[in-house]
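Colleague: Structure: structure17.pdb, PDB, C-alpha atoms.
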```pdb
ATOM      1  CA  MET A 461     -16.212  16.119 -46.129
ATOM      2  CA  ALA A 462     -13.226  14.561 -44.364
ATOM      3  CA  LEU A 463     -15.279  11.433 -43.663
ATOM      4  CA  LEU A 464     -16.263  11.175 -47.333
ATOM      5  CA  ILE A 465     -12.616  11.424 -48.364
ATOM      6  CA  ALA A 466     -11.762   8.697 -45.861
ATOM      7  CA  LEU A 467     -14.476   6.493 -47.367
ATOM      8  CA  VAL A 468     -12.803   6.779 -50.769
ATOM      9  CA  ASN A 469      -9.639   5.306 -49.259
ATOM     10  CA  ILE A 470     -11.587   2.496 -47.615
ATOM     11  CA  ILE A 471     -13.363   1.612 -50.856
ATOM     12  CA  GLY A 472     -10.074   1.710 -52.742
ATOM     13  CA  TRP A 473      -8.391  -0.675 -50.311
ATOM     14  CA  GLY A 474     -11.410  -2.968 -50.383
ATOM     15  CA  LEU A 475     -11.330  -3.224 -54.176
ATOM     16  CA  ILE A 476      -7.694  -4.346 -54.337
ATOM     17  CA  PRO A 477      -8.300  -8.037 -53.500
ATOM     18  CA  LEU A 478     -11.140  -8.081 -56.036
ATOM     19  CA  THR A 479      -8.961  -6.558 -58.750
ATOM     20  CA  VAL A 480      -5.785  -8.644 -58.495
ATOM     21  CA  LYS A 481      -5.686 -12.188 -59.869
ATOM     22  CA  ASP A 482      -3.181 -14.987 -60.497
ATOM     23  CA  SER A 483      -0.229 -15.793 -58.197
ATOM     24  CA  PRO A 484       0.976 -13.561 -55.328
ATOM     25  CA  GLN A 485       4.104 -12.804 -57.374
ATOM     26  CA  SER A 486       2.026 -11.607 -60.330
ATOM     27  CA  GLN A 487      -0.246  -9.609 -58.038
ATOM     28  CA  ILE A 488       2.503  -7.740 -56.243
ATOM     29  CA  ALA A 489       4.567  -7.221 -59.412
ATOM     30  CA  GLY A 490       1.537  -5.760 -61.166
ATOM     31  CA  MET A 491       0.821  -3.404 -58.291
ATOM     32  CA  GLY A 492       4.435  -2.234 -58.298
ATOM     33  CA  ILE A 493       4.308  -1.470 -62.020
ATOM     34  CA  GLY A 494       0.935   0.289 -61.884
ATOM     35  CA  ALA A 495       1.738   2.415 -58.840
ATOM     36  CA  SER A 496       5.194   3.501 -59.993
ATOM     37  CA  ALA A 497       4.034   4.291 -63.542
ATOM     38  CA  THR A 498       1.195   6.444 -62.228
ATOM     39  CA  ALA A 499       3.520   8.192 -59.777
ATOM     40  CA  LEU A 500       5.992   8.925 -62.598
ATOM     41  CA  ILE A 501       3.306  10.502 -64.787
ATOM     42  CA  ILE A 502       2.075  12.727 -61.967
ATOM     43  CA  TYR A 503       5.658  13.614 -61.021
ATOM     44  CA  LEU A 504       6.439  14.740 -64.584
ATOM     45  CA  PHE A 505       3.500  17.138 -64.465
ATOM     46  CA  THR A 506       4.038  18.451 -60.930
ATOM     47  CA  ARG A 507       7.860  18.377 -60.640
ATOM     48  CA  PRO A 508       7.867  18.783 -56.817
ATOM     49  CA  ALA A 509      11.005  19.874 -55.013
ATOM     50  CA  PHE A 510      12.944  17.140 -53.245
ATOM     51  CA  ASP A 511      16.151  16.425 -51.381
ATOM     52  CA  VAL A 512      18.252  13.302 -51.006
ATOM     53  CA  ALA A 513      17.148  12.598 -47.419
ATOM     54  CA  THR A 514      13.451  12.682 -48.339
ATOM     55  CA  TRP A 515      13.954  10.394 -51.296
ATOM     56  CA  ALA A 516      16.103   7.923 -49.380
ATOM     57  CA  VAL A 517      13.589   7.566 -46.551
ATOM     58  CA  ALA A 518      10.662   7.342 -48.963
ATOM     59  CA  PHE A 519      12.418   4.728 -51.087
ATOM     60  CA  VAL A 520      13.158   2.477 -48.098
ATOM     61  CA  ALA A 521       9.594   2.869 -46.825
ATOM     62  CA  GLY A 522       8.263   1.760 -50.209
ATOM     63  CA  MET A 523      10.461  -1.335 -50.195
ATOM     64  CA  LEU A 524       9.243  -2.255 -46.712
ATOM     65  CA  TRP A 525       5.649  -1.978 -47.940
ATOM     66  CA  THR A 526       6.385  -4.924 -50.229
ATOM     67  CA  ILE A 527       6.846  -7.198 -47.213
ATOM     68  CA  GLY A 528       3.428  -6.358 -45.821
ATOM     69  CA  GLN A 529       1.623  -6.611 -49.142
ATOM     70  CA  MET A 530       3.374  -9.855 -50.062
ATOM     71  CA  GLY A 531       2.202 -11.357 -46.783
ATOM     72  CA  GLN A 532      -1.324 -10.185 -47.461
ATOM     73  CA  PHE A 533      -1.465 -11.680 -50.966
ATOM     74  CA  ILE A 534      -0.096 -15.022 -49.770
ATOM     75  CA  SER A 535      -2.613 -14.986 -46.917
ATOM     76  CA  TYR A 536      -5.458 -14.547 -49.411
ATOM     77  CA  ILE A 537      -4.606 -18.097 -50.488
ATOM     78  CA  ARG A 538      -3.835 -19.562 -47.068
ATOM     79  CA  ILE A 539      -6.595 -17.947 -45.029
ATOM     80  CA  GLY A 540      -8.978 -16.576 -47.649
ATOM     81  CA  ILE A 541      -9.825 -12.978 -48.513
ATOM     82  CA  SER A 542     -12.690 -12.732 -46.020
ATOM     83  CA  GLY A 543     -10.381 -13.903 -43.245
ATOM     84  CA  THR A 544      -7.249 -12.002 -44.275
ATOM     85  CA  ILE A 545      -8.752  -8.525 -44.673
ATOM     86  CA  PRO A 546     -10.109  -8.109 -41.114
ATOM     87  CA  LEU A 547      -7.016  -9.727 -39.609
ATOM     88  CA  SER A 548      -4.617  -7.554 -41.596
ATOM     89  CA  ALA A 549      -6.610  -4.382 -40.956
ATOM     90  CA  GLY A 550      -6.758  -5.170 -37.241
ATOM     91  CA  PHE A 551      -3.033  -5.904 -37.020
ATOM     92  CA  GLN A 552      -2.242  -2.637 -38.818
ATOM     93  CA  LEU A 553      -4.580  -0.636 -36.604
ATOM     94  CA  VAL A 554      -3.185  -2.062 -33.366
ATOM     95  CA  GLY A 555       0.444  -1.860 -34.470
ATOM     96  CA  ASN A 556       0.268   1.678 -35.846
ATOM     97  CA  SER A 557      -1.619   2.863 -32.766
ATOM     98  CA  LEU A 558       0.984   1.408 -30.401
ATOM     99  CA  ILE A 559       3.799   2.954 -32.450
ATOM    100  CA  GLY A 560       2.018   6.299 -32.294
ATOM    101  CA  VAL A 561       1.706   6.093 -28.508
ATOM    102  CA  LEU A 562       5.097   4.613 -27.654
ATOM    103  CA  ILE A 563       7.287   6.450 -30.165
ATOM    104  CA  PHE A 564       5.474   9.624 -31.189
ATOM    105  CA  GLY A 565       3.818  10.450 -27.869
ATOM    106  CA  GLU A 566       0.224  10.339 -29.073
ATOM    107  CA  TRP A 567      -2.634   9.962 -26.583
ATOM    108  CA  PRO A 568      -0.775  12.264 -24.154
ATOM    109  CA  THR A 569      -3.252  12.245 -21.261
ATOM    110  CA  ALA A 570      -4.136   9.368 -18.961
ATOM    111  CA  GLN A 571      -7.764   9.524 -20.067
ATOM    112  CA  THR A 572      -6.938   9.199 -23.747
ATOM    113  CA  LYS A 573      -4.587   6.310 -23.008
ATOM    114  CA  VAL A 574      -7.269   4.450 -21.036
ATOM    115  CA  ILE A 575      -9.890   4.959 -23.743
ATOM    116  CA  GLY A 576      -7.383   4.142 -26.480
ATOM    117  CA  PHE A 577      -6.162   0.909 -24.923
ATOM    118  CA  ILE A 578      -9.725  -0.206 -24.208
ATOM    119  CA  ALA A 579     -10.509   0.406 -27.867
ATOM    120  CA  LEU A 580      -7.452  -1.577 -28.925
ATOM    121  CA  ALA A 581      -8.471  -4.422 -26.623
ATOM    122  CA  LEU A 582     -11.847  -4.520 -28.358
ATOM    123  CA  VAL A 583     -10.077  -4.556 -31.717
ATOM    124  CA  VAL A 584      -7.960  -7.529 -30.585
ATOM    125  CA  ILE A 585     -11.122  -9.361 -29.538
ATOM    126  CA  GLY A 586     -12.578  -8.596 -32.936
ATOM    127  CA  ILE A 587      -9.438  -9.936 -34.642
ATOM    128  CA  VAL A 588      -9.709 -13.200 -32.720
ATOM    129  CA  LEU A 589     -13.393 -13.590 -33.526
ATOM    130  CA  SER A 590     -12.910 -12.726 -37.195
ATOM    131  CA  SER A 591     -10.318 -15.493 -37.539
ATOM    132  CA  LYS A 592     -12.964 -18.092 -36.713
ATOM    133  CA  SER A 593     -15.109 -19.493 -39.483
ATOM    134  CA  ASP A 594     -17.623 -22.336 -39.798
ATOM    135  CA  ASP A 595     -16.942 -22.540 -43.528
ATOM    136  CA  LYS A 596     -14.211 -25.138 -44.026
ATOM    137  CA  GLY A 597     -13.694 -23.957 -47.589
ATOM    138  CA  SER A 598     -12.874 -20.361 -46.643
ATOM    139  CA  GLY A 599      -9.217 -21.011 -45.783
ATOM    140  CA  ASP A 600      -7.257 -22.195 -42.802
ATOM    141  CA  ALA A 601      -6.886 -19.491 -40.142
ATOM    142  CA  ASN A 602      -4.580 -21.592 -37.987
ATOM    143  CA  ALA A 603      -1.935 -20.202 -35.666
ATOM    144  CA  LYS A 604       0.860 -20.658 -38.236
ATOM    145  CA  ASN A 605      -0.934 -18.732 -40.981
ATOM    146  CA  ILE A 606      -2.057 -15.972 -38.625
ATOM    147  CA  ALA A 607       1.490 -15.637 -37.271
ATOM    148  CA  PHE A 608       2.819 -15.350 -40.846
ATOM    149  CA  LEU A 609       0.354 -12.554 -41.593
ATOM    150  CA  LEU A 610       1.224 -10.778 -38.339
ATOM    151  CA  ILE A 611       4.975 -10.956 -38.955
ATOM    152  CA  THR A 612       4.709  -9.654 -42.521
ATOM    153  CA  THR A 613       2.348  -6.890 -41.357
ATOM    154  CA  ILE A 614       5.380  -5.444 -39.548
ATOM    155  CA  GLY A 615       6.394  -4.259 -43.024
ATOM    156  CA  PHE A 616       3.236  -2.117 -43.105
ATOM    157  CA  TRP A 617       3.972  -0.769 -39.607
ATOM    158  CA  ILE A 618       7.472   0.354 -40.548
ATOM    159  CA  TYR A 619       6.286   1.638 -43.921
ATOM    160  CA  SER A 620       3.773   3.868 -42.135
ATOM    161  CA  SER A 621       5.957   5.049 -39.260
ATOM    162  CA  PHE A 622       9.517   5.078 -40.598
ATOM    163  CA  PRO A 623       9.148   8.255 -42.687
ATOM    164  CA  LYS A 624       7.608  10.163 -39.795
ATOM    165  CA  LEU A 625      10.294   8.962 -37.418
ATOM    166  CA  ILE A 626      13.274   9.757 -39.645
ATOM    167  CA  ALA A 627      12.068  12.573 -41.873
ATOM    168  CA  LYS A 628       9.108  14.189 -40.139
ATOM    169  CA  ASP A 629      10.392  17.677 -40.914
ATOM    170  CA  ILE A 630      10.937  17.144 -44.622
ATOM    171  CA  MET A 631       7.975  15.086 -45.774
ATOM    172  CA  ASN A 632       5.619  17.056 -47.971
ATOM    173  CA  GLY A 633       3.012  15.304 -50.075
ATOM    174  CA  LEU A 634       4.133  14.853 -53.649
ATOM    175  CA  ASP A 635       7.785  15.365 -52.642
ATOM    176  CA  TYR A 636       7.498  11.999 -50.955
ATOM    177  CA  ILE A 637       5.123   9.807 -52.924
ATOM    178  CA  PHE A 638       7.158   9.296 -56.128
ATOM    179  CA  PRO A 639      10.350   7.917 -54.516
ATOM    180  CA  GLU A 640       8.154   5.784 -52.289
ATOM    181  CA  MET A 641       6.569   4.206 -55.362
ATOM    182  CA  LEU A 642      10.037   3.602 -56.816
ATOM    183  CA  GLY A 643      10.850   1.752 -53.592
ATOM    184  CA  VAL A 644       7.679  -0.285 -54.044
ATOM    185  CA  LEU A 645       8.712  -1.156 -57.614
ATOM    186  CA  VAL A 646      12.230  -2.229 -56.587
ATOM    187  CA  GLY A 647      10.868  -4.166 -53.610
ATOM    188  CA  THR A 648       8.454  -6.099 -55.812
ATOM    189  CA  VAL A 649      11.184  -6.874 -58.345
ATOM    190  CA  VAL A 650      13.483  -8.159 -55.587
ATOM    191  CA  TYR A 651      10.709 -10.386 -54.242
ATOM    192  CA  VAL A 652       9.847 -11.784 -57.680
ATOM    193  CA  ILE A 653      13.502 -12.564 -58.401
ATOM    194  CA  ALA A 654      14.047 -14.102 -54.946
ATOM    195  CA  SER A 655      11.013 -16.348 -55.420
ATOM    196  CA  HIS A 656      12.269 -17.436 -58.882
ATOM    197  CA  SER A 657       9.092 -16.156 -60.502
ATOM    198  CA  THR A 658      10.398 -13.780 -63.167
ATOM    199  CA  ALA A 659       8.112 -15.501 -65.691
ATOM    200  CA  VAL A 660       5.233 -13.422 -64.304
ATOM    201  CA  TYR A 661       6.599 -10.426 -66.206
ATOM    202  CA  ARG A 662       5.762 -12.264 -69.443
ATOM    203  CA  ASN A 663       2.230 -13.061 -68.310
ATOM    204  CA  LYS A 664      -0.459 -10.724 -69.606
ATOM    205  CA  MET A 665      -2.268 -11.028 -66.266
ATOM    206  CA  ILE A 666       0.354  -8.746 -64.747
ATOM    207  CA  TRP A 667      -1.071  -5.818 -66.711
ATOM    208  CA  ARG A 668      -4.504  -6.435 -65.238
ATOM    209  CA  ASN A 669      -2.937  -6.515 -61.806
ATOM    210  CA  SER A 670      -1.256  -3.193 -62.522
ATOM    211  CA  ILE A 671      -4.735  -1.608 -62.424
ATOM    212  CA  ALA A 672      -4.773  -2.335 -58.696
ATOM    213  CA  GLY A 673      -1.462  -0.499 -58.415
ATOM    214  CA  VAL A 674      -2.931   2.542 -60.165
ATOM    215  CA  GLY A 675      -5.911   2.495 -57.822
ATOM    216  CA  TRP A 676      -3.710   2.079 -54.757
ATOM    217  CA  TYR A 677      -1.569   5.057 -55.734
ATOM    218  CA  LEU A 678      -4.647   7.230 -56.273
ATOM    219  CA  VAL A 679      -5.945   6.178 -52.847
ATOM    220  CA  LEU A 680      -2.655   7.287 -51.293
ATOM    221  CA  THR A 681      -2.734  10.686 -52.966
TER     222      THR A 681
END
```
Would you put the structure from the file into C-alpha cells?
Modeller:
Amino acid sequence: MALLIALVNIIGWGLIPLTVKDSPQSQIAGMGIGASATALIIYLFTRPAFDVATWAVAFVAGMLWTIGQMGQFISYIRIGISGTIPLSAGFQLVGNSLIGVLIFGEWPTAQTKVIGFIALALVVIGIVLSSKSDDKGSGDANAKNIAFLLITTIGFWIYSSFPKLIAKDIMNGLDYIFPEMLGVLVGTVVYVIASHSTAVYRNKMIWRNSIAGVGWYLVLT
C-alpha cells in the first residue's frame, strides 16, 4: 500500500509540466494561487492547532520552494522538459540524501553509508547521461543551463530540510502545510514583481496553471 501511495506522488509530480503553460512567471504564479487556495479551504474545515514557531518555519520553507520551482520552469524552456525532469529529480535526490547523512545522521552504519554512496554515484552517472541528447531541438543542456538548474535546486533542498532542522519537534501534518502554502504564494508574488511580470495576473492562462497548484498540494497531503 505504501508503494501505491508513493506512486500517486510520482504521477502527480509528472503531470505538473504537462499541466502548466505560458511563461515561467505565469506558471509559478498559477501554482502559488492554486496551492494556497486549496490549503485555505482544507484549513477552514480542519482548523489544526498551530504555534508561531511552526508557522514561521513553514512560511519560510514555502518561500524557498519558489526558488527551486522557478528554476525548474525556466529550465523547461532552456533545456526542455525531457532533459529538466531527470536532472532536477537527480539533483534533489542527491542533495536531500547528503543533507540527511551529514546533518540528520541518517545511514548510521558503515555498511549503509557504503551502499548509499554507491547508489548516489550511480545516480550522478545517470544525471550526466540524461543530460545528453541527440535531438538538437530538445533544448540545450550545456554547462551554464545545468549549473543554473543545480543552483536553483538548492531552494528545494532547503525547503525539504529546513523545517526538520529547525522545527522537527513541532511539525505535524496539517499544522504545517497551510502556512507553507502561504509562503509559496508570497514567494511567487515576490518573484513575479521582481521580474516585472505582474501582467500575468490579468492573463486567463494563470487560472489554468492554478490547476497544477491544486494537484501539487494534494500530492503533498
Colleague: What's the separation between CA of Ile559 in chain A and CA of Ile637 in chain A, in Å to one decimal place?
Modeller: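 Answer for the CA of Ile559 in chain A to CA of Ile637 in chain A separation: 21.6 Å.
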Colleague: Check the smallest atom-to-atom distance from each of A:Ser655, A:Gln485, A:Thr613, A:Asn663 to Gly555 in chain A using only C-alpha atoms, then report the winner.
Modeller: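 Distance minimum relative to Gly555 in chain A lands on A:Thr613.
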Colleague: Translate the PyMOL selection byres ((chain A and resi 491) around 8), as applied to the file shown, into an explicit residue set as a compact mmCIF listing (two decimals) with C-alpha atoms, in the frame of the given file.
Modeller:
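Written output follows (result.txt):
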```txt
# COMPACT_ATOMS: atom_id res chain seq x y z
CA GLN A 487 -0.25 -9.61 -58.04
CA ILE A 488 2.50 -7.74 -56.24
CA ALA A 489 4.57 -7.22 -59.41
CA GLY A 490 1.54 -5.76 -61.17
CA GLY A 492 4.43 -2.23 -58.30
CA ILE A 493 4.31 -1.47 -62.02
CA GLY A 494 0.94 0.29 -61.88
CA ALA A 495 1.74 2.42 -58.84
CA ASN A 669 -2.94 -6.52 -61.81
CA SER A 670 -1.26 -3.19 -62.52
CA ILE A 671 -4.74 -1.61 -62.42
CA ALA A 672 -4.77 -2.34 -58.70
CA GLY A 673 -1.46 -0.50 -58.42
CA VAL A 674 -2.93 2.54 -60.16
CA TRP A 676 -3.71 2.08 -54.76
```
Colleague: Between CA of Leu504 in chain A and CA of Phe519 in chain A, measure the distance and give it in Å to one decimal.
Modeller: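 Computing it gives 17.8 Å between the two atoms.
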Colleague: Neighbouring residues of range 535-538 of chain A were defined as those with any atom within 9 Å, considering only C-alpha atoms; residues of the same chain fewer than 5 positions away were excluded. Please report them as a ChimeraX atom specification.
Modeller: /A:477,484,530,543-545,599-601,605-606,608-609
